[in-house]
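> The structure's right below; bear with me while I get my questions together.
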Amino acid sequence: MTGSVLPGLVEMAMIDGPKEVYFEFTAIGTSVKVVAIDALTGTEVSVIGPANAAQSDLERLALQKLRARMARESST
């Protein structure tokens, strides 16, 4: 199975002040893989959801996972 990055769907969002988060969407069959990357630390997480899910829902899910990962890493 091959995946391809959907053109034009790499985006930035501002969270908690000046942090930048990049989102990358890759179609994989009937699913889409969303990678959220913190621009300052390079920390990244990924989620997979149905290709017909709303982009905003997938971004929100990936962002929540990224925030949880960063909170966990900062507490250790």
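Identifiers in this document derive from the order of the structure tokens: chains are assigned A, B, ..., residues are numbered from 1 separately in each chain, and ligands are numbered from 1 in order of occurrence.
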Give me the residues within 10 Å of Pro50 (chain A) as a ChimeraX atom specification, counting only C-alpha atoms and dropping any in the same chain fewer than 5 places off.
/A:27-33,58
> Which residues, written as a PyMOL selection string, have at least one atom at most 12 Å from Arg67 (chain A), with only C-alpha atoms counted and residues fewer than 2 positions away on the same chain left out?
chain A and resi 15-16+19+21+36-38+43-45+60-65+69-74
> Next, write the just-selected residues to a file, as an mmCIF file, in the first residue's frame, keeping N, CA and C atoms as the atom set.

data_model
loop_
_atom_site.group_PDB
_atom_site.id
_atom_site.type_symbol
_atom_site.label_atom_id
_atom_site.label_comp_id
_atom_site.auth_asym_id
_atom_site.auth_seq_id
_atom_site.Cartn_x
_atom_site.Cartn_y
_atom_site.Cartn_z
ATOM 1 N N ILE A 15 -0.712 27.685 19.085
ATOM 2 C CA ILE A 15 -1.275 27.160 20.323
ATOM 3 C C ILE A 15 -0.495 27.717 21.496
ATOM 4 N N ASP A 16 -1.179 28.036 22.562
ATOM 5 C CA ASP A 16 -0.536 28.478 23.786
ATOM 6 C C ASP A 16 0.569 29.505 23.535
ATOM 7 N N LYS A 19 3.924 29.209 20.017
ATOM 8 C CA LYS A 19 4.290 27.912 19.464
ATOM 9 C C LYS A 19 3.674 27.723 18.093
ATOM 10 N N VAL A 21 2.666 24.775 15.271
ATOM 11 C CA VAL A 21 2.441 23.349 15.053
ATOM 12 C C VAL A 21 2.151 23.156 13.578
ATOM 13 N N ALA A 36 1.316 15.729 13.599
ATOM 14 C CA ALA A 36 1.416 17.066 14.199
ATOM 15 C C ALA A 36 2.838 17.217 14.719
ATOM 16 N N ILE A 37 3.505 18.309 14.330
ATOM 17 C CA ILE A 37 4.902 18.534 14.693
ATOM 18 C C ILE A 37 5.034 19.891 15.365
ATOM 19 N N ASP A 38 5.614 19.901 16.568
ATOM 20 C CA ASP A 38 5.895 21.152 17.253
ATOM 21 C C ASP A 38 7.146 21.758 16.629
ATOM 22 N N THR A 43 9.085 17.727 18.349
ATOM 23 C CA THR A 43 8.265 16.619 18.833
ATOM 24 C C THR A 43 7.140 16.377 17.850
ATOM 25 N N GLU A 44 6.929 15.103 17.522
ATOM 26 C CA GLU A 44 5.844 14.804 16.599
ATOM 27 C C GLU A 44 5.056 13.594 17.053
ATOM 28 N N VAL A 45 3.772 13.626 16.709
ATOM 29 C CA VAL A 45 2.859 12.519 16.988
ATOM 30 C C VAL A 45 2.042 12.285 15.729
ATOM 31 N N ARG A 60 -7.632 18.471 15.408
ATOM 32 C CA ARG A 60 -7.886 18.605 16.840
ATOM 33 C C ARG A 60 -7.387 17.369 17.599
ATOM 34 N N LEU A 61 -7.654 16.190 17.051
ATOM 35 C CA LEU A 61 -7.209 14.950 17.679
ATOM 36 C C LEU A 61 -5.679 14.886 17.742
ATOM 37 N N ALA A 62 -5.022 15.220 16.641
ATOM 38 C CA ALA A 62 -3.559 15.202 16.609
ATOM 39 C C ALA A 62 -2.976 16.242 17.565
ATOM 40 N N LEU A 63 -3.600 17.414 17.639
ATOM 41 C CA LEU A 63 -3.131 18.468 18.532
ATOM 42 C C LEU A 63 -3.278 18.056 19.992
ATOM 43 N N GLN A 64 -4.387 17.413 20.335
ATOM 44 C CA GLN A 64 -4.572 16.924 21.704
ATOM 45 C C GLN A 64 -3.510 15.895 22.066
ATOM 46 N N LYS A 65 -3.203 15.017 21.130
ATOM 47 C CA LYS A 65 -2.172 14.004 21.372
ATOM 48 C C LYS A 65 -0.801 14.664 21.538
ATOM 49 N N ARG A 69 1.580 14.539 24.852
ATOM 50 C CA ARG A 69 2.976 14.061 24.784
ATOM 51 C C ARG A 69 3.922 15.078 25.369
ATOM 52 N N MET A 70 3.740 16.367 25.021
ATOM 53 C CA MET A 70 4.634 17.410 25.505
ATOM 54 C C MET A 70 4.474 17.614 27.009
ATOM 55 N N ALA A 71 3.258 17.498 27.521
ATOM 56 C CA ALA A 71 3.035 17.629 28.964
ATOM 57 C C ALA A 71 3.710 16.471 29.705
ATOM 58 N N ARG A 72 3.597 15.284 29.147
ATOM 59 C CA ARG A 72 4.219 14.099 29.754
ATOM 60 C C ARG A 72 5.737 14.236 29.758
ATOM 61 N N GLU A 73 6.307 14.730 28.667
ATOM 62 C CA GLU A 73 7.760 14.877 28.573
ATOM 63 C C GLU A 73 8.284 15.995 29.479
ATOM 64 N N SER A 74 7.493 17.038 29.678
ATOM 65 C CA SER A 74 7.951 18.155 30.510
ATOM 66 C C SER A 74 7.861 17.823 31.999
#
> Report, in Å to a single decimal, how far apart CA of Val35 (chain A) and CA of Ala53 (chain A) are.
15.2 Å
> Work out how far apart CA of Ala39 (chain A) and CA of Ala51 (chain A) are and give it in Å to one decimal.
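CA of Ala51 (chain A) lies 25.4 Å from CA of Ala39 (chain A).
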> Calculated over only C-alpha atoms, which of the candidates A:Gly49, A:Ala68, A:Glu59, A:Thr41 has the smallest distance to Glu24 (chain A)?
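Using only C-alpha atoms, Glu24 (chain A) sits closest to A:Glu59.
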